[in-house]
Every structure is written in structure tokens, then in C-alpha cells.
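> Contents are PDB, C-alpha atoms and all ligand atoms; file name model-v6.pdb:
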ATOM      1  CA  VAL O 255     -10.369  82.964 214.713
ATOM      2  CA  PHE O 256      -6.797  83.820 213.872
ATOM      3  CA  ASP O 257      -4.805  86.101 216.018
ATOM      4  CA  VAL O 258      -1.449  87.597 215.278
ATOM      5  CA  SER O 259       0.094  89.704 217.944
ATOM      6  CA  PRO O 260       3.269  91.515 218.858
ATOM      7  CA  PRO O 261       6.520  91.933 217.269
ATOM      8  CA  TRP O 262       8.659  90.024 215.014
ATOM      9  CA  LEU O 263      12.133  91.427 215.263
ATOM     10  CA  ASN O 264      13.570  91.190 211.827
ATOM     11  CA  ARG O 265      17.241  91.177 212.662
ATOM     12  CA  VAL O 266      19.715  92.865 214.880
ATOM     13  CA  LEU O 267      22.117  94.993 212.935
ATOM     14  CA  GLU O 268      25.271  94.053 214.734
ATOM     15  CA  ARG O 269      27.203  97.242 214.452
ATOM     16  CA  LYS O 270      24.215  99.395 215.263
ATOM     17  CA  PRO O 271      22.199  97.447 217.841
ATOM     18  CA  ARG O 272      20.195 100.619 218.418
ATOM     19  CA  LEU O 273      18.645 100.170 214.999
ATOM     20  CA  LEU O 274      16.636  97.111 215.865
ATOM     21  CA  LEU O 275      14.132  96.657 213.104
ATOM     22  CA  HIS O 276      10.617  95.798 214.112
ATOM     23  CA  ALA O 277       9.207  94.754 210.761
ATOM     24  CA  VAL O 278       5.859  94.264 212.416
ATOM     25  CA  ASP O 279       5.143  95.542 215.875
ATOM     26  CA  GLY O 280       2.061  95.122 218.002
ATOM     27  CA  VAL O 281      -0.040  93.966 215.091
ATOM     28  CA  SER O 282      -3.080  92.147 216.408
ATOM     29  CA  PHE O 283      -6.233  91.109 214.595
ATOM     30  CA  SER O 284      -8.617  88.258 214.121
ATOM     31  CA  ILE O 285     -10.453  86.965 211.087
ATOM     32  CA  GLU O 286     -13.839  85.334 211.206
ATOM     33  CA  ARG O 287     -14.208  82.039 209.386
ATOM     34  CA  GLY O 288     -15.434  82.470 205.819
ATOM     35  CA  LYS O 289     -14.576  86.180 205.759
ATOM     36  CA  THR O 290     -11.862  88.325 204.233
ATOM     37  CA  LEU O 291      -9.612  90.662 206.134
ATOM     38  CA  ALA O 292      -7.630  92.921 203.834
ATOM     39  CA  LEU O 293      -4.376  94.481 204.959
ATOM     40  CA  VAL O 294      -3.515  97.654 203.103
ATOM     41  CA  GLY O 295      -0.583 100.007 203.146
ATOM     42  CA  GLU O 296       2.302 101.219 201.061
ATOM     43  CA  SER O 297       5.209  98.921 200.246
ATOM     44  CA  GLY O 298       7.520  98.339 203.172
ATOM     45  CA  CYS O 299       4.766  98.680 205.786
ATOM     46  CA  GLY O 300       5.093  95.057 206.911
ATOM     47  CA  LYS O 301       2.154  93.464 205.096
ATOM     48  CA  SER O 302       4.200  90.685 203.530
ATOM     49  CA  THR O 303       5.886  90.010 206.854
ATOM     50  CA  VAL O 304       2.481  89.395 208.406
ATOM     51  CA  ALA O 305       1.644  87.041 205.514
ATOM     52  CA  ARG O 306       4.811  85.066 206.031
ATOM     53  CA  LEU O 307       4.199  84.863 209.771
ATOM     54  CA  LEU O 308       0.733  83.473 209.162
ATOM     55  CA  VAL O 309       1.904  80.613 206.966
ATOM     56  CA  GLY O 310       4.860  79.793 209.217
ATOM     57  CA  LEU O 311       7.604  81.007 206.863
ATOM     58  CA  TYR O 312       8.696  83.378 209.620
ATOM     59  CA  GLU O 313       8.582  82.874 213.333
ATOM     60  CA  PRO O 314       7.494  85.682 215.624
ATOM     61  CA  THR O 315       9.911  86.828 218.311
ATOM     62  CA  ARG O 316       6.961  87.632 220.497
ATOM     63  CA  GLY O 317       3.272  86.953 220.261
ATOM     64  CA  GLY O 318       1.754  84.290 218.097
ATOM     65  CA  MET O 319      -1.099  83.085 216.031
ATOM     66  CA  HIS O 320      -4.098  81.032 216.980
ATOM     67  CA  PHE O 321      -5.684  79.026 214.247
ATOM     68  CA  ASP O 322      -8.991  77.388 215.040
ATOM     69  CA  GLY O 323      -8.115  77.485 218.735
ATOM     70  CA  GLN O 324      -4.585  76.094 218.504
ATOM     71  CA  ASP O 325      -1.213  77.811 218.785
ATOM     72  CA  ALA O 326      -0.156  77.693 215.146
ATOM     73  CA  HIS O 327       3.553  78.366 215.565
ATOM     74  CA  ALA O 328       3.886  75.620 218.153
ATOM     75  CA  ALA O 329       1.904  73.326 215.847
ATOM     76  CA  PHE O 330       4.033  74.172 212.784
ATOM     77  CA  LYS O 331       7.083  72.868 214.644
ATOM     78  CA  SER O 332       5.419  69.767 216.072
ATOM     79  CA  ALA O 333       4.885  66.376 214.464
ATOM     80  CA  GLY O 334       1.389  67.506 213.473
ATOM     81  CA  GLY O 335       2.743  70.574 211.672
ATOM     82  CA  ARG O 336       2.127  69.109 208.231
ATOM     83  CA  LYS O 337      -1.549  68.722 208.967
ATOM     84  CA  LEU O 338      -1.822  72.396 209.827
ATOM     85  CA  ARG O 339       0.163  73.403 206.739
ATOM     86  CA  ARG O 340      -2.452  71.662 204.616
ATOM     87  CA  ARG O 341      -5.121  73.864 206.121
ATOM     88  CA  ILE O 342      -3.263  77.144 205.535
ATOM     89  CA  GLN O 343      -1.984  77.944 202.066
ATOM     90  CA  MET O 344      -0.482  81.002 200.436
ATOM     91  CA  ILE O 345      -0.914  82.678 197.067
ATOM     92  CA  PHE O 346       1.974  84.898 196.039
ATOM     93  CA  GLN O 347       2.053  88.104 194.085
ATOM     94  CA  ASP O 348       4.056  87.020 191.131
ATOM     95  CA  PRO O 349       2.710  84.000 189.242
ATOM     96  CA  TYR O 350       5.738  84.237 186.953
ATOM     97  CA  ALA O 351       8.171  83.674 189.781
ATOM     98  CA  SER O 352       6.136  81.216 191.830
ATOM     99  CA  LEU O 353       5.549  78.611 189.099
ATOM    100  CA  ASN O 354       8.481  76.420 188.099
ATOM    101  CA  PRO O 355       8.919  77.100 184.349
ATOM    102  CA  ARG O 356      10.328  73.624 183.720
ATOM    103  CA  TRP O 357       7.381  71.785 185.231
ATOM    104  CA  LEU O 358       4.160  70.806 183.514
ATOM    105  CA  VAL O 359       1.031  72.273 185.067
ATOM    106  CA  GLN O 360      -0.015  68.789 186.223
ATOM    107  CA  ASP O 361       3.178  68.536 188.270
ATOM    108  CA  ILE O 362       2.813  72.056 189.663
ATOM    109  CA  VAL O 363      -0.800  71.651 190.755
ATOM    110  CA  GLY O 364      -0.245  68.021 191.791
ATOM    111  CA  GLU O 365       2.813  68.794 193.919
ATOM    112  CA  PRO O 366       0.951  69.560 197.178
ATOM    113  CA  LEU O 367      -1.076  66.354 196.724
ATOM    114  CA  ARG O 368       2.116  64.288 196.493
ATOM    115  CA  GLU O 369       3.964  66.353 199.089
ATOM    116  CA  HIS O 370       1.205  65.924 201.683
ATOM    117  CA  GLU O 371       0.699  62.287 200.659
ATOM    118  CA  ILE O 372      -2.921  62.927 199.759
ATOM    119  CA  LEU O 373      -2.595  61.135 196.417
ATOM    120  CA  LYS O 374       0.209  59.208 194.734
ATOM    121  CA  GLU O 375       1.239  59.757 191.119
ATOM    122  CA  GLY O 376      -1.361  58.066 188.925
ATOM    123  CA  PRO O 377      -4.799  58.413 187.344
ATOM    124  CA  ALA O 378      -6.539  59.574 190.534
ATOM    125  CA  LEU O 379      -4.051  62.397 190.939
ATOM    126  CA  LYS O 380      -4.553  63.466 187.319
ATOM    127  CA  THR O 381      -8.312  63.468 187.772
ATOM    128  CA  ARG O 382      -7.948  65.617 190.867
ATOM    129  CA  VAL O 383      -5.629  68.066 189.090
ATOM    130  CA  GLY O 384      -8.196  68.306 186.285
ATOM    131  CA  GLU O 385     -10.914  69.153 188.802
ATOM    132  CA  LEU O 386      -8.732  71.772 190.446
ATOM    133  CA  LEU O 387      -8.042  73.407 187.086
ATOM    134  CA  GLN O 388     -11.749  73.426 186.312
ATOM    135  CA  SER O 389     -12.511  75.029 189.652
ATOM    136  CA  VAL O 390     -10.465  78.071 188.586
ATOM    137  CA  GLY O 391     -11.942  78.237 185.096
ATOM    138  CA  LEU O 392      -9.188  76.377 183.241
ATOM    139  CA  SER O 393      -9.482  73.184 181.207
ATOM    140  CA  PRO O 394      -8.207  69.811 182.435
ATOM    141  CA  LEU O 395      -6.314  69.652 179.127
ATOM    142  CA  ASP O 396      -4.187  72.565 180.363
ATOM    143  CA  MET O 397      -2.358  70.195 182.701
ATOM    144  CA  ALA O 398      -0.152  69.026 179.842
ATOM    145  CA  LYS O 399       1.219  72.543 179.224
ATOM    146  CA  TYR O 400       4.026  74.626 180.690
ATOM    147  CA  PRO O 401       3.520  77.913 182.576
ATOM    148  CA  HIS O 402       4.930  80.011 179.703
ATOM    149  CA  GLN O 403       2.021  78.884 177.518
ATOM    150  CA  PHE O 404      -0.398  80.867 179.689
ATOM    151  CA  SER O 405      -1.233  84.537 180.189
ATOM    152  CA  GLY O 406      -0.557  86.271 183.510
ATOM    153  CA  GLY O 407      -4.148  85.852 184.677
ATOM    154  CA  GLN O 408      -4.161  82.169 183.739
ATOM    155  CA  ARG O 409      -0.920  81.641 185.597
ATOM    156  CA  GLN O 410      -2.398  83.157 188.715
ATOM    157  CA  ARG O 411      -5.346  80.766 188.308
ATOM    158  CA  ILE O 412      -2.839  77.914 188.217
ATOM    159  CA  SER O 413      -1.328  79.224 191.482
ATOM    160  CA  ILE O 414      -4.791  79.316 193.018
ATOM    161  CA  ALA O 415      -5.520  75.753 191.833
ATOM    162  CA  ARG O 416      -2.264  74.649 193.440
ATOM    163  CA  ALA O 417      -3.128  76.434 196.683
ATOM    164  CA  LEU O 418      -6.525  74.698 196.737
ATOM    165  CA  ALA O 419      -5.068  71.208 196.230
ATOM    166  CA  THR O 420      -4.840  70.407 199.937
ATOM    167  CA  GLN O 421      -8.380  71.718 200.538
ATOM    168  CA  PRO O 422      -7.213  74.507 202.813
ATOM    169  CA  GLU O 423      -9.547  76.565 204.975
ATOM    170  CA  PHE O 424      -7.392  79.670 205.179
ATOM    171  CA  LEU O 425      -5.640  81.341 202.253
ATOM    172  CA  VAL O 426      -3.072  84.054 202.742
ATOM    173  CA  CYS O 427      -2.990  86.060 199.536
ATOM    174  CA  ASP O 428      -0.078  88.466 199.177
ATOM    175  CA  GLU O 429      -0.936  90.986 196.435
ATOM    176  CA  PRO O 430      -2.403  88.187 194.297
ATOM    177  CA  THR O 431      -3.514  90.475 191.471
ATOM    178  CA  SER O 432      -0.962  93.289 191.638
ATOM    179  CA  ALA O 433       1.112  91.936 188.762
ATOM    180  CA  LEU O 434      -1.924  91.687 186.465
ATOM    181  CA  ASP O 435      -3.660  94.090 184.068
ATOM    182  CA  VAL O 436      -6.700  95.793 185.566
ATOM    183  CA  SER O 437      -9.222  93.886 183.396
ATOM    184  CA  VAL O 438      -7.628  90.567 184.332
ATOM    185  CA  GLN O 439      -7.484  91.523 188.015
ATOM    186  CA  ALA O 440     -11.270  91.634 188.184
ATOM    187  CA  GLN O 441     -11.585  88.129 186.712
ATOM    188  CA  VAL O 442      -9.145  86.653 189.205
ATOM    189  CA  LEU O 443     -10.789  88.479 192.117
ATOM    190  CA  ASN O 444     -14.196  87.172 191.045
ATOM    191  CA  ILE O 445     -12.887  83.610 190.913
ATOM    192  CA  MET O 446     -11.486  84.049 194.406
ATOM    193  CA  LYS O 447     -14.829  85.349 195.657
ATOM    194  CA  ASP O 448     -16.716  82.462 194.045
ATOM    195  CA  LEU O 449     -14.317  79.953 195.601
ATOM    196  CA  GLN O 450     -14.769  81.598 198.981
ATOM    197  CA  ARG O 451     -18.543  81.317 198.737
ATOM    198  CA  GLU O 452     -18.484  77.704 197.527
ATOM    199  CA  ARG O 453     -15.885  76.449 199.974
ATOM    200  CA  GLY O 454     -16.283  78.723 202.968
ATOM    201  CA  LEU O 455     -12.675  79.887 202.615
ATOM    202  CA  THR O 456     -11.185  82.490 204.924
ATOM    203  CA  TYR O 457      -8.831  85.008 203.323
ATOM    204  CA  LEU O 458      -6.174  87.337 204.522
ATOM    205  CA  PHE O 459      -5.855  89.550 201.493
ATOM    206  CA  ILE O 460      -2.882  91.851 201.190
ATOM    207  CA  SER O 461      -2.956  94.763 198.816
ATOM    208  CA  HIS O 462      -1.638  98.281 198.374
ATOM    209  CA  ASN O 463      -4.692  99.002 196.218
ATOM    210  CA  LEU O 464      -7.821 100.239 197.977
ATOM    211  CA  ALA O 465      -9.954  99.751 194.875
ATOM    212  CA  VAL O 466      -9.119  96.034 195.001
ATOM    213  CA  VAL O 467      -9.727  95.929 198.751
ATOM    214  CA  ARG O 468     -13.152  97.481 198.309
ATOM    215  CA  HIS O 469     -14.016  94.641 195.943
ATOM    216  CA  VAL O 470     -12.975  91.745 198.183
ATOM    217  CA  ALA O 471     -12.802  92.698 201.860
ATOM    218  CA  ASP O 472     -15.229  92.306 204.744
ATOM    219  CA  GLN O 473     -12.837  93.998 207.131
ATOM    220  CA  VAL O 474      -9.866  96.216 206.435
ATOM    221  CA  GLY O 475      -6.689  96.738 208.427
ATOM    222  CA  VAL O 476      -4.563  99.712 207.443
ATOM    223  CA  MET O 477      -0.858  99.316 208.189
ATOM    224  CA  TYR O 478       1.769 101.987 208.489
ATOM    225  CA  LEU O 479       5.420 101.254 209.254
ATOM    226  CA  GLY O 480       4.795  97.827 210.741
ATOM    227  CA  ARG O 481       1.770  98.811 212.820
ATOM    228  CA  LEU O 482      -1.963  98.717 212.385
ATOM    229  CA  VAL O 483      -3.340 102.252 212.463
ATOM    230  CA  GLU O 484      -6.986 101.484 211.721
ATOM    231  CA  VAL O 485      -9.170  98.366 211.607
ATOM    232  CA  ALA O 486     -12.779  98.656 210.509
ATOM    233  CA  ASP O 487     -15.583  97.021 208.574
ATOM    234  CA  LYS O 488     -15.184  97.783 204.912
ATOM    235  CA  ALA O 489     -18.394  99.813 204.763
ATOM    236  CA  LYS O 490     -17.326 102.036 207.666
ATOM    237  CA  LEU O 491     -13.797 102.479 206.443
ATOM    238  CA  PHE O 492     -14.774 103.600 202.972
ATOM    239  CA  VAL O 493     -17.587 105.878 204.125
ATOM    240  CA  SER O 494     -15.969 107.487 207.148
ATOM    241  CA  PRO O 495     -12.259 106.768 207.391
ATOM    242  CA  GLN O 496     -10.823 108.033 210.675
ATOM    243  CA  HIS O 497      -7.033 107.823 210.663
ATOM    244  CA  PRO O 498      -5.389 110.625 208.656
ATOM    245  CA  TYR O 499      -3.348 108.039 206.761
ATOM    246  CA  THR O 500      -6.484 106.119 205.753
ATOM    247  CA  ARG O 501      -8.073 109.406 204.689
ATOM    248  CA  MET O 502      -5.011 110.174 202.588
ATOM    249  CA  LEU O 503      -5.083 106.740 200.912
ATOM    250  CA  LEU O 504      -8.791 107.072 200.159
ATOM    251  CA  ALA O 505      -8.443 110.585 198.772
ATOM    252  CA  ALA O 506      -5.885 109.213 196.328
ATOM    253  CA  ILE O 507      -8.141 106.623 194.659
ATOM    254  CA  PRO O 508      -9.779 107.792 191.473
ATOM    255  CA  LYS O 509     -13.551 107.841 191.851
ATOM    256  CA  MET O 510     -15.112 105.844 189.026
ATOM    257  CA  LYS O 511     -18.431 107.659 189.209
ATOM    258  CA  HIS O 512     -16.939 111.101 188.941
ATOM    259  CA  ALA O 513     -14.438 110.730 186.141
ATOM    260  CA  GLY O 514     -12.223 113.739 185.892
ATOM    261  CA  GLU O 515     -12.732 114.687 189.524
ATOM    262  CA  ALA O 516      -9.498 115.781 191.101
ATOM    263  CA  ARG O 517      -7.845 113.252 193.348
ATOM    264  CA  THR O 518      -5.259 114.036 195.917
ATOM    265  CA  PRO O 519      -2.067 112.066 195.451
ATOM    266  CA  VAL O 520      -0.603 110.423 198.547
ATOM    267  CA  GLN O 521       1.733 112.969 200.098
ATOM    268  CA  GLY O 522       5.248 112.316 201.303
ATOM    269  CA  GLU O 523       7.290 109.150 201.531
ATOM    270  CA  VAL O 524       7.362 106.202 203.898
ATOM    271  CA  PRO O 525      10.176 106.895 206.396
ATOM    272  CA  ASN O 526      13.118 104.538 206.745
ATOM    273  CA  PRO O 527      11.873 101.714 209.005
ATOM    274  CA  LEU O 528      15.371 101.498 210.514
ATOM    275  CA  ASP O 529      15.015 104.997 211.846
ATOM    276  CA  PRO O 530      11.307 105.524 212.432
ATOM    277  CA  PRO O 531       9.944 108.910 213.554
ATOM    278  CA  THR O 532       9.180 109.350 217.250
ATOM    279  CA  GLY O 533       5.679 109.271 218.702
ATOM    280  CA  CYS O 534       3.149 108.624 215.995
ATOM    281  CA  THR O 535       5.338 107.412 213.128
ATOM    282  CA  PHE O 536       2.959 109.084 210.671
ATOM    283  CA  HIS O 537       3.538 112.569 212.108
ATOM    284  CA  PRO O 538       5.972 113.869 209.437
ATOM    285  CA  ARG O 539       3.259 113.343 206.809
ATOM    286  CA  CYS O 540       0.221 114.200 208.879
ATOM    287  CA  PRO O 541      -1.673 117.479 208.405
ATOM    288  CA  HIS O 542      -3.071 117.194 211.966
ATOM    289  CA  ALA O 543       0.174 116.491 213.833
ATOM    290  CA  ASN O 544       0.936 118.445 217.007
ATOM    291  CA  ALA O 545       3.477 118.230 219.835
ATOM    292  CA  ARG O 546       1.750 115.265 221.466
ATOM    293  CA  CYS O 547       1.923 113.359 218.164
ATOM    294  CA  VAL O 548       5.695 113.887 217.991
ATOM    295  CA  ALA O 549       6.202 112.743 221.587
ATOM    296  CA  GLU O 550       3.669 110.016 222.213
ATOM    297  CA  ARG O 551       2.743 106.930 220.227
ATOM    298  CA  PRO O 552      -1.037 106.592 219.968
ATOM    299  CA  PRO O 553      -2.382 103.141 220.898
ATOM    300  CA  LEU O 554      -4.839 101.305 218.685
ATOM    301  CA  GLN O 555      -8.103 101.762 220.527
ATOM    302  CA  MET O 556     -11.831 101.628 220.027
ATOM    303  CA  LEU O 557     -13.008 105.121 219.042
ATOM    304  CA  ARG O 558     -16.179 106.015 217.159
ATOM    305  CA  GLY O 559     -16.981 102.312 216.836
ATOM    306  CA  ILE O 560     -13.757 101.310 215.088
ATOM    307  CA  GLN O 561     -10.180 100.605 216.064
ATOM    308  CA  VAL O 562      -7.903 103.526 215.359
ATOM    309  CA  ALA O 563      -4.530 104.792 216.570
ATOM    310  CA  CYS O 564      -4.647 108.577 216.446
ATOM    311  CA  HIS O 565      -4.503 111.335 219.071
ATOM    312  CA  ALA O 566      -6.516 113.751 216.935
ATOM    313  CA  VAL O 567      -9.392 111.281 216.653
ATOM    314  CA  GLU O 568      -9.215 110.583 220.383
ATOM    315  CA  GLU O 569      -9.239 114.291 221.180
ATOM    316  CA  GLY O 570     -12.035 114.972 218.695
ATOM    317  CA  ARG O 571      -9.795 117.401 216.767
ATOM    318  CA  ILE O 572     -10.713 115.741 213.468
TER     319      ILE O 572
HETATM  320 FE1  LIG O 601      -1.635 112.588 212.771
HETATM  321 FE2  LIG O 601      -1.172 112.841 215.353
HETATM  322 FE3  LIG O 601      -3.092 111.202 214.511
HETATM  323 FE4  LIG O 601      -0.538 110.589 214.160
HETATM  324  S1  LIG O 601      -1.577 110.780 216.097
HETATM  325  S2  LIG O 601      -2.138 110.406 212.670
HETATM  326  S3  LIG O 601       0.359 112.581 213.748
HETATM  327  S4  LIG O 601      -3.009 113.435 214.280
HETATM  328 MG    MG O 602       4.945  92.988 199.845
END
Would you put the structure from the file into C-alpha cells?

Amino acid sequence: VFDVSPPWLNRVLERKPRLLLHAVDGVSFSIERGKTLALVGESGCGKSTVARLLVGLYEPTRGGMHFDGQDAHAAFKSAGGRKLRRRIQMIFQDPYASLNPRWLVQDIVGEPLREHEILKEGPALKTRVGELLQSVGLSPLDMAKYPHQFSGGQRQRISIARALATQPEFLVCDEPTSALDVSVQAQVLNIMKDLQRERGLTYLFISHNLAVVRHVADQVGVMYLGRLVEVADKAKLFVSPQHPYTRMLLAAIPKMKHAGEARTPVQGEVPNPLDPPTGCTFHPRCPHANARCVAERPPLQMLRGIQVACHAVEEGRI
């Protein structure tokens, strides 16, 4: 079980200390081993911040993360931190930016093996790199090529092979298919699902795309302006979304089965996180907002069998 809770204060703007930015605030969830929790939301909602917290690239100002029963942020800093880093790996959005263009694939995929002193340079390392490439549907012969010799989808497979090198248990995937064509996205997502089944991997999967989330998630957390507004099993969330923001996101996805059916585009813009709205931060965009919504921030609570932060749901108005 992983648990990430309260805020990470991004930075204090010195001249305007009032404008303290909580990139992520009061975000708390757990992920069951072998399952996928997807975090969805528009850009700037804090999803990537959560990802970076989970792999130890950022430190929380408050709260923390428990990985397999241990305090991960304390462990990251301790002598045993490297061991934990092996077990938690990250896949980034942009395979173009995250692969060193001057390195051969064998050096890219082999790097974590050398870095974590799992294998030294030599035939055993090459064999292992070949196996890793095969596990993502590439050929061992591809190790002698450079990243530019591959398509976008193949490059993301190389990133996945690299992430798997240390035999991690938990993969934090930040928009892993967002830079890819739709047809290629499905291939990469299927590889990730196969790997999860074979290896019992646990995923935190970040996406702004609910169609992708529907394909991969067991549970879904919807984020808005650095907070979770709804957490539910995938089946529940897609069938009966509760939070008005989740409803808005769902209404905006084209329905494959009913081609041509009108979809409702997402209304309004994400407010400036430096100057968030009062009360429920979604109120300027919400069709159900009332005076209480403007004044009072709704807590994330169990309502109708899911976790949701909305006064209208609590009051049974929607
Ligand atoms: Fe809308 Fe109010 Fe619910 Fe916020 S609390 S989502 S403003 S109804
Ligand atoms: Mg992001």
C-alpha cells in the first residue's frame, strides 16, 4: 500500500508571501499491489507533482508516502535509499526527451543495471539488455542502435525496458502515451498491461485522457487544482460519476459506439493556481455552485460508496 498525503508547498514567492503555492494539497490515496490507480485531470492540476513525489524527485513539506510499510521519503534519504529506488521506477511522457540521443540503446537500457551495481559491463549485461528489449516487443539486435532510429512508440518501449531493468515493483507513469499517435498508444498500453500481469507490477498512471484511463485503470483519482475531488473504482466512475468536474470530463469524451453523437466540450479554464478560487475551487466552472460552494471547501468524503468532495452530492442536490 502506498500512501501520499498532505501538501507539498512548491515555493514561497518572496515578494508576495500570501501567494503560497500548494501544488498538491491534501492528496491522499493508496494503491493495492498489482493494481493500477490512474490520476486524471487537466494540465496544471498537480498530477506530475504527485508523480515526482512518489519517486523521490520532490520532497513533501508535509505528509509522506508509505511503500510496502516503510516511510519512503525517510528511506530515500537513508543509506538504504538506493535499494528502494530500484523498486520504484518512473516512465516519463516524452520518450524523445528522456532518452540520451548520443547513447546506444544498450547503454540506455543497461544504465540502471550499472548504476545500481546489478551487473557490470560485459556479456551478462548485454544478455540482460536483450531480454529486457524482448520483454517490450523489441529485438535484442536493437541494442546496437541509437534512439533516433526508432519510432515514437518504439522509443517509449525502450523507456519501459529501461524502467524494468532493476525489476521494480512499482512504476510511476507520467502520461506515458500522450506524445504518441492514437494507434501506437494502444500498443504501448497493451504491453504495459501484459507486463503488469506477468510481473505483478503496480502502476500509478497519470493521464489527462479518460479514454486511456478507461483502458488501464482499476481505480481512478480525479484531480482539480492540486486536490483530489473524486476517487472511485473505474467501473463506478465511468457509469455514475459524482463530482461535477468528473461529469464534465466524461461528457467531453467522444463515445466510440455512438459516432456522431454530440459531446460536450469541457467548459471554462483552470484558474491560476497562485490565486485559487475560494471554497470549492471548481465553483467558477460548476453548474451546481451555490453560496456554500463559494464559502466552504468541501472535504473528500465517502458518499454513495465512493470518495467525493462536493457539497451538492452531500446535500443530494445532484
Ligand atoms: Fe460544484 Fe459546489 Fe460541488 Fe464544488 S462543491 S463541485 S461548486 S456543487
Ligand atoms: Mg504533467
> Which one is closest to ligand LIG 601 (chain O): O:Leu479, O:Ala549, O:Ile572, O:Cys534? Count all atoms listed in the file.
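Closest to ligand LIG 601 (chain O) of all the choices is O:Cys534.
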> Write out as number ranges by chain the residues lying within 7 Å of Ala292 of chain O, counting only C-alpha atoms and excluding same-chain residues fewer than 2 positions away.
O: 290, 294, 458-460, 467, 471, 473-475
> For those residues, write C-alpha atoms to a file as an mmCIF file, keeping the file's coordinate frame.

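The resulting file, again.cif, is reproduced below:
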data_model
loop_
_atom_site.group_PDB
_atom_site.id
_atom_site.type_symbol
_atom_site.label_atom_id
_atom_site.label_comp_id
_atom_site.auth_asym_id
_atom_site.auth_seq_id
_atom_site.Cartn_x
_atom_site.Cartn_y
_atom_site.Cartn_z
ATOM 1 C CA THR O 290 -11.862 88.325 204.233
ATOM 2 C CA VAL O 294 -3.515 97.654 203.103
ATOM 3 C CA LEU O 458 -6.174 87.337 204.522
ATOM 4 C CA PHE O 459 -5.855 89.550 201.493
ATOM 5 C CA ILE O 460 -2.882 91.851 201.190
ATOM 6 C CA VAL O 467 -9.727 95.929 198.751
ATOM 7 C CA ALA O 471 -12.802 92.698 201.860
ATOM 8 C CA GLN O 473 -12.837 93.998 207.131
ATOM 9 C CA VAL O 474 -9.866 96.216 206.435
ATOM 10 C CA GLY O 475 -6.689 96.738 208.427
#
> Any residue with an atom at most 9 Å from ligand LIG 601 (chain O) counts, using all atoms listed in the file. Which are they? Put them as a PyMOL selection string.
chain O and resi 483+497-499+533-548+550-552+563-568+571-572
> List as a list in words the protein and nucleic acid residues lying within 9 Å of ligand MG 602 (chain O), with all atoms listed in the file counted.
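The neighbouring residues of ligand MG 602 (chain O) are, in order, Glu296, Ser297, Gly298, Cys299, Gly300, Lys301, Ser302, Thr303, Ala305, Gln347, Asp428, Glu429, Ile460, Ser461 and His462 of chain O.
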> Could you write those residues out with C-alpha atoms, as a PDB file, in the coordinates of the input?

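The resulting file, again19.pdb, is reproduced below:
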ATOM      1  CA  GLU O 296       2.302 101.219 201.061  1.00  0.00           C
ATOM      2  CA  SER O 297       5.209  98.921 200.246  1.00  0.00           C
ATOM      3  CA  GLY O 298       7.520  98.339 203.172  1.00  0.00           C
ATOM      4  CA  CYS O 299       4.766  98.680 205.786  1.00  0.00           C
ATOM      5  CA  GLY O 300       5.093  95.057 206.911  1.00  0.00           C
ATOM      6  CA  LYS O 301       2.154  93.464 205.096  1.00  0.00           C
ATOM      7  CA  SER O 302       4.200  90.685 203.530  1.00  0.00           C
ATOM      8  CA  THR O 303       5.886  90.010 206.854  1.00  0.00           C
ATOM      9  CA  ALA O 305       1.644  87.041 205.514  1.00  0.00           C
ATOM     10  CA  GLN O 347       2.053  88.104 194.085  1.00  0.00           C
ATOM     11  CA  ASP O 428      -0.078  88.466 199.177  1.00  0.00           C
ATOM     12  CA  GLU O 429      -0.936  90.986 196.435  1.00  0.00           C
ATOM     13  CA  ILE O 460      -2.882  91.851 201.190  1.00  0.00           C
ATOM     14  CA  SER O 461      -2.956  94.763 198.816  1.00  0.00           C
ATOM     15  CA  HIS O 462      -1.638  98.281 198.374  1.00  0.00           C
TER      16      HIS O 462
END
> Could you list, as a list of chain:residue names, every residue matched by the PyMOL selection byres (((chain O and resi 442) around 8) and not hetatm) in this structure?
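So the PyMOL selection byres (((chain O and resi 442) around 8) and not hetatm) ends up selecting O:Gly407, O:Gln410, O:Arg411, O:Thr431, O:Val438, O:Gln439, O:Ala440, O:Gln441, O:Leu443, O:Asn444, O:Ile445, O:Met446.
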> Counting all atoms listed in the file, figure out which residue out of O:Val304, O:Val562, O:Val520, O:Ile342 gets nearest to Asp279 of chain O.
O:Val304
> Residue by residue, what does the PyMOL selection byres (((chain O and resi 375-388) around 10) and not hetatm) grab here? Present the result as a tab-separated table (two decimals) with C-alpha atoms, keeping the file's coordinate frame.

chain	number	residue	atom	x	y	z
O	359	VAL	CA	1.03	72.27	185.07
O	360	GLN	CA	-0.02	68.79	186.22
O	361	ASP	CA	3.18	68.54	188.27
O	362	ILE	CA	2.81	72.06	189.66
O	363	VAL	CA	-0.80	71.65	190.76
O	364	GLY	CA	-0.24	68.02	191.79
O	365	GLU	CA	2.81	68.79	193.92
O	367	LEU	CA	-1.08	66.35	196.72
O	368	ARG	CA	2.12	64.29	196.49
O	371	GLU	CA	0.70	62.29	200.66
O	372	ILE	CA	-2.92	62.93	199.76
O	373	LEU	CA	-2.60	61.14	196.42
O	374	LYS	CA	0.21	59.21	194.73
O	389	SER	CA	-12.51	75.03	189.65
O	390	VAL	CA	-10.46	78.07	188.59
O	391	GLY	CA	-11.94	78.24	185.10
O	392	LEU	CA	-9.19	76.38	183.24
O	393	SER	CA	-9.48	73.18	181.21
O	394	PRO	CA	-8.21	69.81	182.44
O	395	LEU	CA	-6.31	69.65	179.13
O	396	ASP	CA	-4.19	72.56	180.36
O	397	MET	CA	-2.36	70.19	182.70
O	411	ARG	CA	-5.35	80.77	188.31
O	412	ILE	CA	-2.84	77.91	188.22
O	413	SER	CA	-1.33	79.22	191.48
O	414	ILE	CA	-4.79	79.32	193.02
O	415	ALA	CA	-5.52	75.75	191.83
O	416	ARG	CA	-2.26	74.65	193.44
O	417	ALA	CA	-3.13	76.43	196.68
O	418	LEU	CA	-6.52	74.70	196.74
O	419	ALA	CA	-5.07	71.21	196.23
> Hey, can I get the axis-aligned box for segment 522-527 of chain O? All listed atoms, 8 Å padding on each side, centre and edge lengths in Å to one decimal, as JSON.

{"center_x": 9.2, "center_y": 107.0, "center_z": 205.2, "size_x": 23.9, "size_y": 26.6, "size_z": 23.7}
> Restricting the calculation to all atoms listed in the file: of O:Gly318, O:Pro349, O:Thr518, O:Asn354, which residue gets closest to Ser405 of chain O?
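The shortest atom-to-atom distance to Ser405 of chain O comes from O:Pro349.
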> Mind pulling up the distance from atom CA of Gly310 of chain O to atom CA of Asp348 of chain O?
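The value is 19.5 Å.
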> From the set O:Leu291, O:Leu504, O:Leu554, O:Ala329, which residue has the shortest atom-to-atom contact distance to Phe424 of chain O, counting all atoms listed in the file?
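Distance minimum relative to Phe424 of chain O lands on O:Leu291.
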> Restricting the calculation to all atoms listed in the file, which member of O:Leu338, O:Trp357, O:Phe346, O:Gly406 is positioned closest to Gln421 of chain O?
O:Leu338
> Given only C-alpha atoms as the basis, pick out the residue of O:Arg306, O:Lys447, O:Arg341, O:Arg501 nearest to Asp472 of chain O.
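Ranked by minimum distance to Asp472 of chain O, first place goes to O:Lys447.
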